[in-house]
Each structure stands twice: as structure tokens, then as C-alpha cells.
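**Q** Below is one structure. I have some questions about it.
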Amino acid sequence: MKTIGIVTDGLSTLEVFLNNNIKMIFKDKLKINNYFFNNLQKGQKIDDDIILVMLRDRSIKLKNYIDDSKKIIIINRSVKQKDIYRLFSLPKNIDVLVVNDNKETILETISMLYHIGINHLNLIPYDKEKEYKDIKVCVTPGETHLVPDYIEEVIDIGHRFIDISTFLQIITKLKIDEKEVTQRLIKYSEEVISIHSGINHTYKNLTVENDELKSIIKLSKNGMILLSNEGIIKVLNESVKNILDIKEDIIGKNIKNLDDKELKDILNKDKTKDDNVIKYKDKYITINKHTINSFGKNIGSYFCIQEVTYIKKLEQNLSKVLKDKGQVARYTFDDIKTNSINMENTKKLARKISKSDYTVLITGESGTGKELLAQSIHNDSNRSKQPFIAINCAAMPENLLESELFGYEEGAFTGALKGGKKGLFEQAHNGTIFLDEIGDMPMYLQTKLLRVLQENQIMPVGGQSVIDIDVRVIAATNRDLLKMIKEEKFRADLYYRINVLPIHIPPLRERKEDIDMMLKHFIKRKIKVSEDVKIIINDYDWPGNIRELRNTAMYIDTMASKDEVTTNDLPHNLTNIKKDYKKDIDYIKNRTSLEKTVKVMKCIKNHNDLNKSLGRSAILKELIKEDILISEGEIRHILEVLKGRNIVVSKSGRKGSELSQKGIEVLKLLK
Ligand SMILES: Nc1ncnc2c1ncn2[C@@H]1O[C@H](COP(=O)(O)OP(=O)(O)OP(=O)(O)O)[C@@H](O)[C@H]1O
């Protein structure tokens, strides 16, 4: 077993501390022998494999007792990270007294503090003969009993541990290559500050990186092969053996000497087109080849090989995960039903827009199908396999909206989840985010959103660093953003940033040709719609647009008999509207005699009540009976005017005219 000699001045707690410190790393892999300068005999030889001393001048003294001075290592000592934090928090440029048991150790402590980066304080060596009235703070490594009483704050940085650099020297000199030792040293380096700033990190990173790399290559589902510049196979993982069906052990072989011709061909390829699918034996694979450079010189090449079925499976898994999380867009352009030319044009424009990657602003009243359109755009875009995340900015309390959109770091606020939370922007990475009701976003978040759109980066709430994101934004609103800009409720710069590709969806009342078709589409069963119902639904304003129409269809579906929808099957909001028929009455007044029109309407109504409908000449006959002066031509004109406002309808199958439900209402007002 290898041995270490530790030489200290005399018997003290120090040598016990050092022994324990060394055992923390090496456990029982080494034997430790302790020596004291006071006890060393003249001519005595220390023949341990290495010898540790505390101070440089002691190493000179030690040379008399050893054969090979290269065996000597001077112990560097440092402190635990947590003990040093208080020093870092002291204000810049204040005087701090450094107290230790003698002048030499005081200077050693000061030097150590400077080395580990305490550069913002004036460290003053303590001389017990002097008085330091203006100094309020002192630092000492465990010698608090030596600190003068007048010092107000004493920072005890505790026992000083052996520095990582010393352990590295021991490991190198003794050629120790034990995994457990390395792991213990890494853990130790996390607690003890290295004097050679950064040395612990470099060592730790190198070792960890090496192990991580080996694991990554081993576990990767991608096939990986590394070739040296001369064509020697250096690395080959399990996946590539499966994909390329490699049975023999070919590590260390030159590809020139491979027996498998097809494998040889692949590895001899000069250039590969990224992700080009090729046939290999009975499989389809993709090969990506990259050269590896070091200090500007080509030192080999790296192949990443995937089986196409595996990539397919990955895609399927991704869509399943997204589906489970509700992060998928369900609708496509085929789900947008319309008979209107206006709406067809809107669809056409949206299809074009979906192929680009710019921000889209969809405007339109509530329920016109803005989200439906946003989902269709996403599904028709290159991002269709990636998440589609929708958020309604008006439905979310203001203070939650920010953390919901951008996420937060652990401890960002009371009640924050441990480990923080990913924001929707991050979740939508590579996909699309749909910001519904963007007009309701508070001003301060508009500013933050603008920055996100400009820089493609987000900063979580309470976070210190930014995260790069690649997200397409589709925003929607039913508000008049230009008006809001004038009222200083919406940022003009954000408006121009999101309004790159604007789409407007017309309200249902401006595409009446959709009403009847959609009602039937939503009812889902074959059913006749009475003329009166057609008039009511056509006349109605549909403030809730398609959403309201769909709800009405559901109502009708439940209420209506098997074969016909009548006015009795309509919900109250459609039949009970205290409609202002002023427009209709003005229309009549402006075109014909109101008095005669009322007579015609009454005459039709009387007959309708007896379940009869009347033609023009029958109406004329009836009115002459009542001594009313009117011609057939006048009656024709009146009927045309009334039909134009859906007050009178021609009943199919029967001859003559009838008063519609609306006609009955209008007549009540005119009587
Ligand atoms: N052209 C259409 N064809 C078929 N269904 C439609 C059509 N337009 C809208 N819908 C349906 O109407 C309902 C409302 O649509 P959507 O939620 O997309 O409207 P919106 O404009 O986003 O509403 P809001 O502004 O209230 O968020 C949905 O169920 C949607 O599927």
C-alpha cells in the first residue's frame, strides 16, 4: 500500500485534522504516517511515497530527512464555500482585520483570501501590539479567542481544509486512478473553494464530461460511429450495431479492411446529404456525416445514423404526448364551413399565410371562428407536428398571466412551485402560440411581449437568464386595436409588430348565406326548416355569431319534432326580441302608402287565421268590398315591398301570400 507522511511542528489538533481530511478522499487506500519536526532524530530518514508539509520554509528543513525532494508536497489550504459567503457580502473597500496565531499564519491566511477572490476588502494583518479603533470587522480561521474585544463583528471562516490542488498533486504523484476517489474529490470540490480559482471546476468538468459523453453515446438511440483521420473505427455504439446489423467486433479496425461491403460503402462516403433516406440491406436509414476538427485540423469524422421507422415512431410519440397534454390543434381548413364568397376569400388568404412563419393578427367579433382559423393555420404550416398552445388573455387574472406566459423560477413569489414552472411560450417551442383576446393584455405585459417578439427570448419571472425560443405567434382580438391605441390602452409598436399578416373574419350577419347551411350542418339530422324560422334566423343579428348559431342548433335539435323546425322550437332570444321594426316601417312609408299597406296586411291576416292564403285579385276583391280605393297594380307593388322585408311570404305549394311571424308583429304595431 502506498504511504503518505505528514510532517507538522509538534503534537497538536492540526495533525488529527489533516489525517481526517486526507481520509475523506482516500479512505483506506493509503497509509498515513505522522512525524513532528521537534521529534525528528539526526540522520533519520522518512521514506514514504510522498511527504506533506504545511509551509515552504518547513520543506527546506525537511530536505535533511529525505532522499528525494520531489516527494515533498506543500499543503495548500482553503475554506468551505458556505463559510466564506459572509465575507463576500461585506461592503467594498472596508478595512477588515485578519487574526491568526502568528505572523506567518496571518500572512498565509491573507494570501489565501486574496487567492480565492476576496478582492473587495482591505485585509489588515493583526499585530497584537497595536490598537485598531476604526476597524469594526475581523476574520479569523478558528482563532476567535485572539480577537480583541473592541471588534464588533467576528467572521470565523473555520478550519482550513486541504485545497483541491494539493489533492490533485497527490493523485498525480501516486498515480491513483480509482473511480471512487475521483467521485469523492468532485463532491469535495463542490464544498471547498479552490485556491487556484477554477481548478476544481476544470477538473470536475473534465471528468464529468468524459463520463457523461460515454453514457450519452452508449444510451443514444441514434447510431453513432467515430472514425479517425486514417479510417480507424474509434467508437461504435449499440444502436448502430442494431441498425446496421454489425455482428463482428470492428472497433480498432481500419474501414479498408472491413468484410461487410455495404458497411464499407457507407463509411467510405465522402459526403452525405443531411437526412437523405437511403436503402441499406432491408432497411431505410438516414446518414449524417460531420468532420471533427481540432485546432483547425481535421482529425476524423462522425456518423449519425437513424433508422427511418424509428424517426416515424418518435413523431408518433410526440403527437401522442401533445395530444395528451391538449397541446394540439384539432381543426383544419376543411372544418371551416361556408357558402360566402367573402369567407371563402378569407380562407384562401389564411391558407397562403399558413405557409409563412410571420406573426398573424386575426380580427373578428366573438364566436366568428378566430380560434378555428388559428388552429387551421397551424395545422397547415410546417409546425403542424409541434405544439399548438392557446391562451385567452382576458380569461386569466392579470398577475397570473405573466407567469403563465413566461414561466417562473423557483422561489419567484410566495406559492411558487418547487423547481419553478415552464411558461406557455417555452412549452410552445418550435410550435405556435395563440394569444386570444390580445386587446385585453395589460400594458406592462404588452411591453414584455414586444421584447419577446423582437428578440425571440423569454426571461421567466424571477429569473436571471434568458431562454431562446422559436415560436410562431397568432394573436386574435374582437376589439378595435387602433381605437385602443388612440386611447393609449394598446401599444402602437406592439400592434405593428403583430399586425404583420392581418386577417378579418366577417360577422355572421354579413354572410347571411351561411346561416341556413350552418344551422343544418350543426343540427346533423335531415330536417325541414319552416319559412317563418328561416325569416327569423335571417333577420336575427347573431351577436354571438357561429357559436350562438351552434347553440341554437343544439336547442332546436332537442326541441323540434322529427321532420320540421317551427317557430315554437326556437329559443327565446330569437323569438322574444323586442324588435324595433322602425326600419321596416320607414321602408314601407318611403315606398308606398302606409294606410293601404295596413289594409292589405289585415286582409291577408284575416284569411290566414282561417288557414287560407290570398292571391292578388282576391285581395283586390276584398278591399273593394270595404270601399277602399286601390288598384291591382298598387296591390302588386305593396306585396313586393312587404316581401322585400320578409313581412309577407309566398307559401310554396299554395297559391297566394301569407303574413310571416314578423308580419304579424309589424301589423300589431301599425294597427
Ligand atoms: N366556419 C365555421 N364552420 C364551422 N364551425 C365554425 C365556423 N366558425 C366557427 N365555428 C365554430 O364556432 C365556435 C366558435 O368558434 P371560435 O371559438 O373559433 O371563435 P372565436 O372567434 O375564437 O371566439 P372568441 O372570440 O369568443 O374566442 C367553435 O365551436 C367553432 O368550431
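The way I read the labels, and the way they are meant: chains A, B, ... in the order of the C-alpha cells, residue 1 as the first residue of every chain, and ligand 1 as the first ligand shown, with later ones counted on from there.
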At a cut-off of 7 Å, can you tabulate as a Markdown table every residue of chain A near ligand 1 together with its closest atom pair and the distance in Å to one decimal, using only C-alpha atoms and all ligand atoms and ordering rows by chain then number?

**A**
| residue | atom | partner | partner_atom_place_in_ligand_line | distance |
| --- | --- | --- | --- | --- |
| A:Asp335 | CA | ligand 1 | 4 (C) | 5.7 |
| A:Ile336 | CA | ligand 1 | 3 (N) | 3.8 |
| A:Lys337 | CA | ligand 1 | 3 (N) | 3.9 |
| A:Thr338 | CA | ligand 1 | 1 (N) | 5.6 |
| A:Gly364 | CA | ligand 1 | 21 (O) | 6.4 |
| A:Glu365 | CA | ligand 1 | 25 (O) | 6.1 |
| A:Ser366 | CA | ligand 1 | 25 (O) | 3.5 |
| A:Gly367 | CA | ligand 1 | 23 (O) | 3.6 |
| A:Thr368 | CA | ligand 1 | 21 (O) | 4.1 |
| A:Gly369 | CA | ligand 1 | 18 (O) | 3.2 |
| A:Lys370 | CA | ligand 1 | 21 (O) | 3.7 |
| A:Glu371 | CA | ligand 1 | 18 (O) | 3.6 |
| A:Leu372 | CA | ligand 1 | 18 (O) | 3.9 |
| A:Leu373 | CA | ligand 1 | 18 (O) | 6.5 |
| A:Asp436 | CA | ligand 1 | 27 (O) | 6.4 |
| A:Glu437 | CA | ligand 1 | 25 (O) | 6.9 |
| A:Thr477 | CA | ligand 1 | 25 (O) | 6.6 |
| A:Asn478 | CA | ligand 1 | 25 (O) | 6.1 |
| A:Ile546 | CA | ligand 1 | 12 (O) | 4.7 |
| A:Arg547 | CA | ligand 1 | 13 (C) | 4.3 |
| A:Arg550 | CA | ligand 1 | 12 (O) | 6.7 |

**Q** Tell me, counting only C-alpha atoms, for each residue of range 21-76 of chain A within 9 Å of range 149-166 of chain A, which pair of atoms is nearest and how far apart they are in Å to one decimal, in rows ordered by chain and increasing number, as JSON lines.

**A**
{"residue": "A:Asn21", "atom": "CA", "partner": "A:Ile162", "partner_atom": "CA", "distance": 6.9}
{"residue": "A:Ile22", "atom": "CA", "partner": "A:Ile162", "partner_atom": "CA", "distance": 7.9}
{"residue": "A:Ile73", "atom": "CA", "partner": "A:Thr166", "partner_atom": "CA", "distance": 7.5}
{"residue": "A:Ile74", "atom": "CA", "partner": "A:Thr166", "partner_atom": "CA", "distance": 7.7}
{"residue": "A:Ile75", "atom": "CA", "partner": "A:Thr166", "partner_atom": "CA", "distance": 6.0}
{"residue": "A:Asn76", "atom": "CA", "partner": "A:Asp163", "partner_atom": "CA", "distance": 5.4}

**Q** Give me, please, the distance in Å between CA of Lys528 in chain A and CA of Cys603 in chain A, quoted to one decimal.

**A** 28.6 Å

**Q** Would you pick out the contacts of range 397-400 of chain A at 10 Å or less, using only C-alpha atoms, so that residues sharing its chain but fewer than 2 positions from it are not included, and give the list as number ranges by chain?

**A** A: 393-395, 402-405, 407, 440-442, 445
